[in-house]
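Participant: I'm passing along protein_5.tsv; it holds TSV, N, CA and C atoms.
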chain	number	residue	atom	x	y	z
A	1	MET	N	-58.41	-78.68	-155.11
A	1	MET	CA	-57.12	-78.29	-154.60
A	1	MET	C	-57.01	-76.77	-154.63
A	2	ASN	N	-56.99	-76.11	-155.77
A	2	ASN	CA	-57.05	-74.67	-155.94
A	2	ASN	C	-55.99	-73.91	-155.15
A	3	ASN	N	-54.78	-74.47	-155.12
A	3	ASN	CA	-53.65	-73.80	-154.49
A	3	ASN	C	-52.50	-73.72	-155.48
A	4	ILE	N	-51.64	-72.73	-155.26
A	4	ILE	CA	-50.39	-72.63	-155.99
A	4	ILE	C	-49.28	-72.47	-154.96
A	5	ILE	N	-48.04	-72.62	-155.39
A	5	ILE	CA	-46.91	-72.47	-154.47
A	5	ILE	C	-46.22	-71.14	-154.76
A	6	LEU	N	-46.09	-70.33	-153.72
A	6	LEU	CA	-45.36	-69.05	-153.81
A	6	LEU	C	-44.38	-68.96	-152.66
A	7	ASP	N	-43.41	-68.07	-152.79
A	7	ASP	CA	-42.50	-67.78	-151.69
A	7	ASP	C	-43.22	-66.88	-150.70
A	8	ILE	N	-43.11	-67.23	-149.41
A	8	ILE	CA	-43.73	-66.47	-148.33
A	8	ILE	C	-42.67	-66.19	-147.27
A	9	CYS	N	-42.67	-64.99	-146.73
A	9	CYS	CA	-41.76	-64.65	-145.64
A	9	CYS	C	-42.27	-65.31	-144.36
A	10	SER	N	-41.43	-66.10	-143.72
A	10	SER	CA	-41.86	-66.76	-142.48
A	10	SER	C	-41.86	-65.81	-141.29
A	11	GLN	N	-41.28	-64.62	-141.43
A	11	GLN	CA	-41.28	-63.64	-140.34
A	11	GLN	C	-42.55	-62.80	-140.33
A	12	CYS	N	-42.96	-62.27	-141.50
A	12	CYS	CA	-44.12	-61.37	-141.53
A	12	CYS	C	-45.30	-61.93	-142.33
A	13	GLY	N	-45.09	-63.02	-143.07
A	13	GLY	CA	-46.18	-63.65	-143.81
A	13	GLY	C	-46.45	-63.04	-145.18
A	14	GLU	N	-45.64	-62.07	-145.62
A	14	GLU	CA	-45.85	-61.40	-146.91
A	14	GLU	C	-45.49	-62.32	-148.07
A	15	ALA	N	-46.39	-62.40	-149.06
A	15	ALA	CA	-46.11	-63.17	-150.28
A	15	ALA	C	-45.03	-62.46	-151.08
A	16	GLN	N	-44.11	-63.22	-151.64
A	16	GLN	CA	-42.99	-62.66	-152.41
A	16	GLN	C	-43.14	-63.05	-153.87
A	17	TYR	N	-43.63	-62.14	-154.69
A	17	TYR	CA	-43.69	-62.41	-156.11
A	17	TYR	C	-43.34	-61.15	-156.86
A	18	PRO	N	-42.39	-61.23	-157.78
A	18	PRO	CA	-41.64	-62.43	-158.16
A	18	PRO	C	-40.75	-62.89	-157.01
A	19	PRO	N	-40.28	-64.15	-157.10
A	19	PRO	CA	-39.46	-64.71	-156.01
A	19	PRO	C	-38.23	-63.83	-155.74
A	20	ARG	N	-37.85	-63.76	-154.47
A	20	ARG	CA	-36.68	-62.98	-154.07
A	20	ARG	C	-36.05	-63.61	-152.84
A	21	GLU	N	-34.84	-63.22	-152.57
A	21	GLU	CA	-34.10	-63.79	-151.44
A	21	GLU	C	-34.38	-63.07	-150.13
A	22	ILE	N	-34.78	-61.81	-150.21
A	22	ILE	CA	-35.04	-60.99	-149.03
A	22	ILE	C	-36.48	-60.48	-149.11
A	23	CYS	N	-37.20	-60.54	-148.01
A	23	CYS	CA	-38.60	-60.08	-147.98
A	23	CYS	C	-38.69	-58.61	-148.36
A	24	ARG	N	-39.58	-58.31	-149.27
A	24	ARG	CA	-39.75	-56.91	-149.70
A	24	ARG	C	-40.44	-56.06	-148.64
A	25	HIS	N	-41.04	-56.71	-147.63
A	25	HIS	CA	-41.75	-55.99	-146.59
A	25	HIS	C	-40.90	-55.75	-145.33
A	26	CYS	N	-40.27	-56.83	-144.81
A	26	CYS	CA	-39.54	-56.70	-143.54
A	26	CYS	C	-38.03	-56.95	-143.67
A	27	LEU	N	-37.56	-57.28	-144.87
A	27	LEU	CA	-36.15	-57.53	-145.17
A	27	LEU	C	-35.59	-58.80	-144.53
A	28	SER	N	-36.44	-59.68	-144.04
A	28	SER	CA	-35.98	-60.96	-143.51
A	28	SER	C	-35.50	-61.85	-144.66
A	29	ASP	N	-34.56	-62.73	-144.35
A	29	ASP	CA	-34.13	-63.70	-145.36
A	29	ASP	C	-34.77	-65.07	-145.12
A	30	GLN	N	-35.77	-65.11	-144.28
A	30	GLN	CA	-36.47	-66.36	-143.95
A	30	GLN	C	-37.64	-66.57	-144.91
A	31	ILE	N	-37.33	-66.92	-146.15
A	31	ILE	CA	-38.34	-67.12	-147.20
A	31	ILE	C	-38.56	-68.62	-147.38
A	32	ILE	N	-39.84	-69.02	-147.36
A	32	ILE	CA	-40.18	-70.43	-147.53
A	32	ILE	C	-41.20	-70.57	-148.67
A	33	LYS	N	-41.24	-71.75	-149.26
A	33	LYS	CA	-42.26	-72.05	-150.26
A	33	LYS	C	-43.50	-72.54	-149.52
A	34	LYS	N	-44.67	-72.05	-149.94
A	34	LYS	CA	-45.89	-72.39	-149.23
A	34	LYS	C	-47.08	-72.43	-150.20
A	35	ASN	N	-48.03	-73.32	-149.94
A	35	ASN	CA	-49.27	-73.34	-150.70
A	35	ASN	C	-50.11	-72.13	-150.31
A	36	VAL	N	-50.60	-71.41	-151.33
A	36	VAL	CA	-51.51	-70.29	-151.10
A	36	VAL	C	-52.71	-70.46	-152.03
A	37	SER	N	-53.78	-69.78	-151.72
A	37	SER	CA	-54.99	-69.84	-152.52
A	37	SER	C	-54.72	-69.37	-153.95
A	38	ALA	N	-55.29	-70.06	-154.92
A	38	ALA	CA	-55.15	-69.69	-156.34
A	38	ALA	C	-56.21	-68.68	-156.76
A	39	PHE	N	-57.00	-68.17	-155.83
A	39	PHE	CA	-58.08	-67.24	-156.17
A	39	PHE	C	-57.66	-65.79	-155.96
A	40	GLY	N	-58.25	-64.92	-156.75
A	40	GLY	CA	-57.97	-63.50	-156.63
A	40	GLY	C	-58.94	-62.69	-157.46
A	41	LYS	N	-58.63	-61.40	-157.61
A	41	LYS	CA	-59.45	-60.49	-158.41
A	41	LYS	C	-58.62	-59.90	-159.53
A	42	ILE	N	-59.24	-59.80	-160.70
A	42	ILE	CA	-58.59	-59.18	-161.85
A	42	ILE	C	-58.41	-57.68	-161.57
A	43	ILE	N	-57.21	-57.18	-161.78
A	43	ILE	CA	-56.95	-55.75	-161.67
A	43	ILE	C	-57.18	-55.10	-163.03
A	44	SER	N	-56.61	-55.70	-164.07
A	44	SER	CA	-56.79	-55.17	-165.42
A	44	SER	C	-56.53	-56.27	-166.43
A	45	GLN	N	-56.98	-56.05	-167.66
A	45	GLN	CA	-56.70	-56.99	-168.75
A	45	GLN	C	-56.54	-56.19	-170.04
A	46	ILE	N	-55.78	-56.76	-170.95
A	46	ILE	CA	-55.52	-56.08	-172.23
A	46	ILE	C	-55.31	-57.13	-173.31
A	47	ASP	N	-55.64	-56.76	-174.55
A	47	ASP	CA	-55.37	-57.62	-175.70
A	47	ASP	C	-54.10	-57.12	-176.38
A	48	LEU	N	-53.10	-57.98	-176.47
A	48	LEU	CA	-51.90	-57.64	-177.23
A	48	LEU	C	-52.20	-57.89	-178.70
A	49	ARG	N	-51.91	-56.93	-179.53
A	49	ARG	CA	-52.22	-57.05	-180.96
A	49	ARG	C	-50.97	-57.13	-181.82
A	50	HIS	N	-49.80	-57.09	-181.17
A	50	HIS	CA	-48.54	-57.21	-181.91
A	50	HIS	C	-47.56	-57.99	-181.04
A	51	SER	N	-46.73	-58.80	-181.68
A	51	SER	CA	-45.72	-59.54	-180.95
A	51	SER	C	-44.50	-59.76	-181.83
A	52	LEU	N	-43.34	-59.77	-181.23
A	52	LEU	CA	-42.11	-60.12	-181.93
A	52	LEU	C	-41.82	-61.61	-181.83
A	53	GLU	N	-42.60	-62.31	-181.02
A	53	GLU	CA	-42.46	-63.75	-180.86
A	53	GLU	C	-43.25	-64.46	-181.96
A	54	VAL	N	-42.56	-65.22	-182.79
A	54	VAL	CA	-43.19	-65.90	-183.92
A	54	VAL	C	-44.33	-66.82	-183.46
A	55	SER	N	-44.15	-67.50	-182.33
A	55	SER	CA	-45.18	-68.44	-181.87
A	55	SER	C	-46.49	-67.76	-181.48
A	56	PHE	N	-46.46	-66.44	-181.23
A	56	PHE	CA	-47.68	-65.71	-180.87
A	56	PHE	C	-48.40	-65.11	-182.08
A	57	LEU	N	-47.70	-64.90	-183.18
A	57	LEU	CA	-48.25	-64.16	-184.31
A	57	LEU	C	-49.57	-64.72	-184.82
A	58	LYS	N	-49.70	-66.03	-184.92
A	58	LYS	CA	-50.93	-66.64	-185.43
A	58	LYS	C	-52.05	-66.64	-184.41
A	59	LYS	N	-51.74	-66.29	-183.17
A	59	LYS	CA	-52.74	-66.35	-182.10
A	59	LYS	C	-53.19	-64.98	-181.60
A	60	LEU	N	-52.76	-63.93	-182.30
A	60	LEU	CA	-53.16	-62.59	-181.88
A	60	LEU	C	-54.63	-62.34	-182.18
A	61	PRO	N	-55.36	-61.55	-181.42
A	61	PRO	CA	-54.87	-60.86	-180.23
A	61	PRO	C	-54.68	-61.84	-179.06
A	62	TRP	N	-53.70	-61.55	-178.22
A	62	TRP	CA	-53.34	-62.40	-177.09
A	62	TRP	C	-53.72	-61.67	-175.80
A	63	LYS	N	-54.51	-62.32	-174.97
A	63	LYS	CA	-55.01	-61.68	-173.75
A	63	LYS	C	-54.03	-61.88	-172.59
A	64	ILE	N	-53.75	-60.78	-171.87
A	64	ILE	CA	-52.98	-60.86	-170.63
A	64	ILE	C	-53.70	-60.04	-169.57
A	65	CYS	N	-53.36	-60.30	-168.31
A	65	CYS	CA	-53.99	-59.56	-167.22
A	65	CYS	C	-53.07	-59.47	-166.03
A	66	THR	N	-53.46	-58.63	-165.09
A	66	THR	CA	-52.86	-58.65	-163.76
A	66	THR	C	-53.95	-59.07	-162.79
A	67	ILE	N	-53.56	-59.91	-161.83
A	67	ILE	CA	-54.49	-60.42	-160.83
A	67	ILE	C	-53.85	-60.24	-159.46
A	68	GLN	N	-54.67	-59.81	-158.50
A	68	GLN	CA	-54.20	-59.75	-157.11
A	68	GLN	C	-54.78	-60.95	-156.39
A	69	LEU	N	-53.89	-61.84	-155.96
A	69	LEU	CA	-54.32	-63.05	-155.26
A	69	LEU	C	-54.76	-62.72	-153.85
A	70	GLU	N	-55.50	-63.64	-153.24
A	70	GLU	CA	-55.98	-63.44	-151.87
A	70	GLU	C	-54.83	-63.23	-150.89
A	71	CYS	N	-53.65	-63.79	-151.19
A	71	CYS	CA	-52.49	-63.62	-150.31
A	71	CYS	C	-51.84	-62.25	-150.48
A	72	GLY	N	-52.29	-61.46	-151.47
A	72	GLY	CA	-51.76	-60.11	-151.68
A	72	GLY	C	-50.83	-59.98	-152.87
A	73	ALA	N	-50.26	-61.08	-153.35
A	73	ALA	CA	-49.34	-61.02	-154.49
A	73	ALA	C	-50.07	-60.55	-155.74
A	74	ILE	N	-49.40	-59.74	-156.55
A	74	ILE	CA	-49.94	-59.29	-157.82
A	74	ILE	C	-49.11	-59.92	-158.92
A	75	ILE	N	-49.78	-60.62	-159.84
A	75	ILE	CA	-49.11	-61.40	-160.87
A	75	ILE	C	-49.64	-61.01	-162.24
A	76	MET	N	-48.73	-60.85	-163.21
A	76	MET	CA	-49.12	-60.67	-164.60
A	76	MET	C	-49.17	-62.06	-165.23
A	77	ALA	N	-50.25	-62.34	-165.97
A	77	ALA	CA	-50.45	-63.70	-166.48
A	77	ALA	C	-51.17	-63.70	-167.82
A	78	HIS	N	-51.09	-64.83	-168.49
A	78	HIS	CA	-51.90	-65.05	-169.68
A	78	HIS	C	-53.36	-65.16	-169.23
A	79	LEU	N	-54.28	-64.79	-170.09
A	79	LEU	CA	-55.70	-64.80	-169.76
A	79	LEU	C	-56.43	-65.76	-170.69
A	80	ALA	N	-57.12	-66.74	-170.13
A	80	ALA	CA	-57.77	-67.78	-170.92
A	80	ALA	C	-59.05	-67.30	-171.60
A	81	GLU	N	-59.68	-66.28	-171.05
A	81	GLU	CA	-60.97	-65.82	-171.55
A	81	GLU	C	-61.18	-64.38	-171.13
A	82	PRO	N	-62.09	-63.65	-171.76
A	82	PRO	CA	-62.31	-62.26	-171.35
A	82	PRO	C	-62.87	-62.19	-169.92
A	83	LEU	N	-62.17	-61.50	-169.06
A	83	LEU	CA	-62.62	-61.24	-167.69
A	83	LEU	C	-62.44	-59.75	-167.43
A	84	LYS	N	-63.27	-59.21	-166.57
A	84	LYS	CA	-63.26	-57.77	-166.33
A	84	LYS	C	-62.59	-57.43	-165.01
A	85	ALA	N	-62.10	-56.21	-164.91
A	85	ALA	CA	-61.51	-55.72	-163.67
A	85	ALA	C	-62.51	-55.88	-162.53
A	86	GLY	N	-62.03	-56.39	-161.40
A	86	GLY	CA	-62.87	-56.61	-160.24
A	86	GLY	C	-63.48	-58.00	-160.19
A	87	GLN	N	-63.45	-58.72	-161.30
A	87	GLN	CA	-64.04	-60.06	-161.35
A	87	GLN	C	-63.13	-61.05	-160.63
A	88	LYS	N	-63.74	-61.96	-159.87
A	88	LYS	CA	-62.98	-63.01	-159.20
A	88	LYS	C	-62.54	-64.03	-160.24
A	89	ALA	N	-61.34	-64.57	-160.05
A	89	ALA	CA	-60.78	-65.51	-161.00
A	89	ALA	C	-59.83	-66.46	-160.27
A	90	GLU	N	-59.29	-67.40	-161.04
A	90	GLU	CA	-58.39	-68.41	-160.50
A	90	GLU	C	-57.15	-68.47	-161.38
A	91	ILE	N	-55.99	-68.68	-160.76
A	91	ILE	CA	-54.73	-68.77	-161.51
A	91	ILE	C	-54.24	-70.21	-161.50
A	92	GLN	N	-53.65	-70.64	-162.60
A	92	GLN	CA	-53.06	-71.97	-162.66
A	92	GLN	C	-51.69	-71.88	-163.31
A	93	ASN	N	-50.84	-72.83	-163.02
A	93	ASN	CA	-49.54	-72.93	-163.66
A	93	ASN	C	-49.71	-73.68	-164.97
A	94	ILE	N	-49.04	-73.24	-166.02
A	94	ILE	CA	-49.15	-73.86	-167.33
A	94	ILE	C	-47.76	-73.85	-167.97
A	95	THR	N	-47.49	-74.80	-168.85
A	95	THR	CA	-46.21	-74.87	-169.54
A	95	THR	C	-46.39	-74.42	-170.98
A	96	ASP	N	-45.55	-73.48	-171.41
A	96	ASP	CA	-45.66	-72.98	-172.79
A	96	ASP	C	-44.92	-73.92	-173.75
A	97	PRO	N	-45.01	-73.70	-175.07
A	97	PRO	CA	-44.39	-74.61	-176.03
A	97	PRO	C	-42.86	-74.73	-175.91
A	98	THR	N	-42.21	-73.76	-175.27
A	98	THR	CA	-40.76	-73.84	-175.09
A	98	THR	C	-40.39	-74.64	-173.84
A	99	GLY	N	-41.39	-75.04	-173.06
A	99	GLY	CA	-41.15	-75.78	-171.83
A	99	GLY	C	-41.06	-74.90	-170.60
A	100	ALA	N	-41.27	-73.60	-170.76
A	100	ALA	CA	-41.22	-72.67	-169.62
A	100	ALA	C	-42.54	-72.67	-168.86
A	101	ASP	N	-42.44	-72.63	-167.54
A	101	ASP	CA	-43.63	-72.50	-166.70
A	101	ASP	C	-44.10	-71.05	-166.72
A	102	CYS	N	-45.41	-70.85	-166.77
A	102	CYS	CA	-45.97	-69.50	-166.72
A	102	CYS	C	-47.35	-69.58	-166.06
A	103	TRP	N	-47.94	-68.41	-165.85
A	103	TRP	CA	-49.24	-68.32	-165.18
A	103	TRP	C	-50.36	-68.10	-166.19
A	104	LEU	N	-51.51	-68.68	-165.87
A	104	LEU	CA	-52.72	-68.52	-166.69
A	104	LEU	C	-53.89	-68.23	-165.76
A	105	VAL	N	-54.67	-67.21	-166.08
A	105	VAL	CA	-55.86	-66.86	-165.29
A	105	VAL	C	-57.09	-67.32	-166.04
A	106	LYS	N	-58.05	-67.88	-165.29
A	106	LYS	CA	-59.29	-68.41	-165.88
A	106	LYS	C	-60.44	-68.16	-164.92
A	107	SER	N	-61.64	-68.42	-165.39
A	107	SER	CA	-62.83	-68.31	-164.54
A	107	SER	C	-62.76	-69.34	-163.41
A	108	ILE	N	-63.31	-68.98	-162.27
A	108	ILE	CA	-63.34	-69.91	-161.14
A	108	ILE	C	-64.15	-71.14	-161.52
A	109	GLY	N	-63.60	-72.30	-161.23
A	109	GLY	CA	-64.30	-73.55	-161.47
A	109	GLY	C	-64.12	-74.13	-162.85
A	110	SER	N	-63.50	-73.40	-163.78
A	110	SER	CA	-63.30	-73.97	-165.11
A	110	SER	C	-62.19	-75.02	-165.04
A	111	THR	N	-62.19	-75.93	-166.00
A	111	THR	CA	-61.23	-77.03	-166.00
A	111	THR	C	-59.83	-76.51	-166.32
A	112	GLN	N	-58.84	-77.37	-166.08
A	112	GLN	CA	-57.46	-77.03	-166.42
A	112	GLN	C	-57.39	-76.73	-167.91
A	113	ILE	N	-56.68	-75.71	-168.29
A	113	ILE	CA	-56.60	-75.27	-169.68
A	113	ILE	C	-55.20	-75.57	-170.21
A	114	LYS	N	-55.14	-76.03	-171.46
A	114	LYS	CA	-53.87	-76.33	-172.10
A	114	LYS	C	-53.45	-75.16	-173.00
A	115	TRP	N	-52.16	-75.00	-173.17
A	115	TRP	CA	-51.60	-73.91	-173.95
A	115	TRP	C	-52.22	-73.81	-175.34
A	116	GLU	N	-52.43	-74.95	-175.98
A	116	GLU	CA	-52.94	-74.97	-177.35
A	116	GLU	C	-54.30	-74.31	-177.49
A	117	LYS	N	-55.06	-74.20	-176.41
A	117	LYS	CA	-56.40	-73.61	-176.45
A	117	LYS	C	-56.38	-72.10	-176.31
A	118	LEU	N	-55.22	-71.51	-176.10
A	118	LEU	CA	-55.12	-70.07	-175.87
A	118	LEU	C	-54.95	-69.28	-177.14
A	119	GLY	N	-55.33	-67.99	-177.09
A	119	GLY	CA	-55.04	-67.02	-178.13
A	119	GLY	C	-56.08	-66.97	-179.23
A	120	GLY	N	-56.00	-65.88	-179.99
A	120	GLY	CA	-56.85	-65.68	-181.14
A	120	GLY	C	-58.31	-65.42	-180.84
A	121	LYS	N	-58.59	-64.94	-179.62
A	121	LYS	CA	-59.98	-64.65	-179.23
A	121	LYS	C	-60.14	-63.15	-179.08
A	122	SER	N	-61.23	-62.64	-179.57
A	122	SER	CA	-61.47	-61.20	-179.42
A	122	SER	C	-62.42	-60.93	-178.29
Do you think you could lay out the structure here as structure tokens?

Facilitator:
Amino acid sequence: MNNIILDICSQCGEAQYPPREICRHCLSDQIIKKNVSAFGKIISQIDLRHSLEVSFLKKLPWKICTIQLECGAIIMAHLAEPLKAGQKAEIQNITDPTGADCWLVKSIGSTQIKWEKLGGKS
């Protein structure tokens, strides 16, 4: 499958992330939800070594990254494993322990990853 759902402007085709009511490119209000490729390239990654969130403290360092998807959207996400800038990767939707949906970036072709497997990796 390897698709995710993002808001796309039906007038100019620009991906809208984070979601918005008006296209950031052409100012159209014709925004639709659409399947887009879950593949992209890592822009950067960093290890967080401090957190004010109690649920993260035992899992530090916590990896996060920015990824530019093939559709052009740039997303900040949790990182499942060490990946380098320029490396191709895949993004998946994941639910955190509070029930909130968030993004997770992983190597292309790796299996779906669960929240409990994240964190504490150097």

Participant: From the list A:Cys65, A:Ile74, A:Ala38, A:Ile5, which residue is nearest A:Pro18 when using only C-alpha atoms?

Facilitator: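 Once distances to A:Pro18 are computed over only C-alpha atoms, the minimum belongs to A:Ile74.
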
Participant: Between atom N of A:Arg20 and atom N of A:Thr95, what is the distance in Å, rounded to a tenth?

Facilitator: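 So the answer is 20.5 Å.
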
Participant: Using all atoms listed in the file for the distances, tell me which of A:Thr98, A:Leu118, A:Ile75, A:Thr111 is nearest to A:Trp62.

Facilitator: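 Counting all atoms listed in the file, the residue closest to A:Trp62 is A:Leu118.
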
Participant: For the structure I just gave you, how does DSSP split stretch 49-91 of chain A - specifically, which residues are strand (DSSP E or B)? Reply as JSON, numbers by chain.

Facilitator: {"A": [62, 63, 64, 65, 66, 67, 68, 69, 74, 75, 76, 77, 78, 79, 88, 89, 90, 91]}

Participant: Determine, for each residue of stretch 90-121 of chain A having at least one atom at most 12 Å from an atom of stretch 39-47 of chain A, the closest pair of atoms and their separation in Å to one decimal, counting only C-alpha atoms; order by chain and ascending number, as CSV.

Facilitator:
residue,atom,partner,partner_atom,distance
A:Glu90,CA,A:Phe39,CA,4.5
A:Ile91,CA,A:Phe39,CA,6.5
A:Gln92,CA,A:Phe39,CA,9.5
A:Leu104,CA,A:Phe39,CA,11.9
A:Val105,CA,A:Ile42,CA,8.8
A:Lys106,CA,A:Phe39,CA,9.9
A:Ser107,CA,A:Phe39,CA,9.7
A:Ile108,CA,A:Phe39,CA,7.7
A:Gly109,CA,A:Phe39,CA,10.3
A:Gly119,CA,A:Asp47,CA,9.7
A:Gly120,CA,A:Asp47,CA,9.8
A:Lys121,CA,A:Asp47,CA,9.1

Participant: Draw an axis-aligned box over all listed atoms of stretch 76-80 of chain A, pad each side with 6 Å, and write its centre and edge lengths in Å, one decimal, as lines of an AutoDock Vina configuration file.

Facilitator:
center_x = -53.9
center_y = -64.2
center_z = -167.4
size_x = 22.3
size_y = 19.1
size_z = 20.4

Participant: So, with only C-alpha atoms as the atoms that count, which of A:Cys102, A:Leu48, A:Ala85, A:Ala73 lies closest to A:Glu14?

Facilitator: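 Smallest distance to A:Glu14 is found for A:Ala73.
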
Participant: Could you go through chain A and tell me which residues DSSP, when run on the backbone, assigns to alpha helix (DSSP H), listing them as number ranges by chain?

Facilitator: A: 54-57

Participant: Store the residues picked out above in a file with N, CA and C atoms, as a PDB file, in the frame of the given file.

Facilitator:
ATOM      1  N   VAL A  54     -42.560 -65.220-182.790  1.00  0.00           N
ATOM      2  CA  VAL A  54     -43.190 -65.900-183.920  1.00  0.00           C
ATOM      3  C   VAL A  54     -44.330 -66.820-183.460  1.00  0.00           C
ATOM      4  N   SER A  55     -44.150 -67.500-182.330  1.00  0.00           N
ATOM      5  CA  SER A  55     -45.180 -68.440-181.870  1.00  0.00           C
ATOM      6  C   SER A  55     -46.490 -67.760-181.480  1.00  0.00           C
ATOM      7  N   PHE A  56     -46.460 -66.440-181.230  1.00  0.00           N
ATOM      8  CA  PHE A  56     -47.680 -65.710-180.870  1.00  0.00           C
ATOM      9  C   PHE A  56     -48.400 -65.110-182.080  1.00  0.00           C
ATOM     10  N   LEU A  57     -47.700 -64.900-183.180  1.00  0.00           N
ATOM     11  CA  LEU A  57     -48.250 -64.160-184.310  1.00  0.00           C
ATOM     12  C   LEU A  57     -49.570 -64.720-184.820  1.00  0.00           C
TER      13      LEU A  57
END
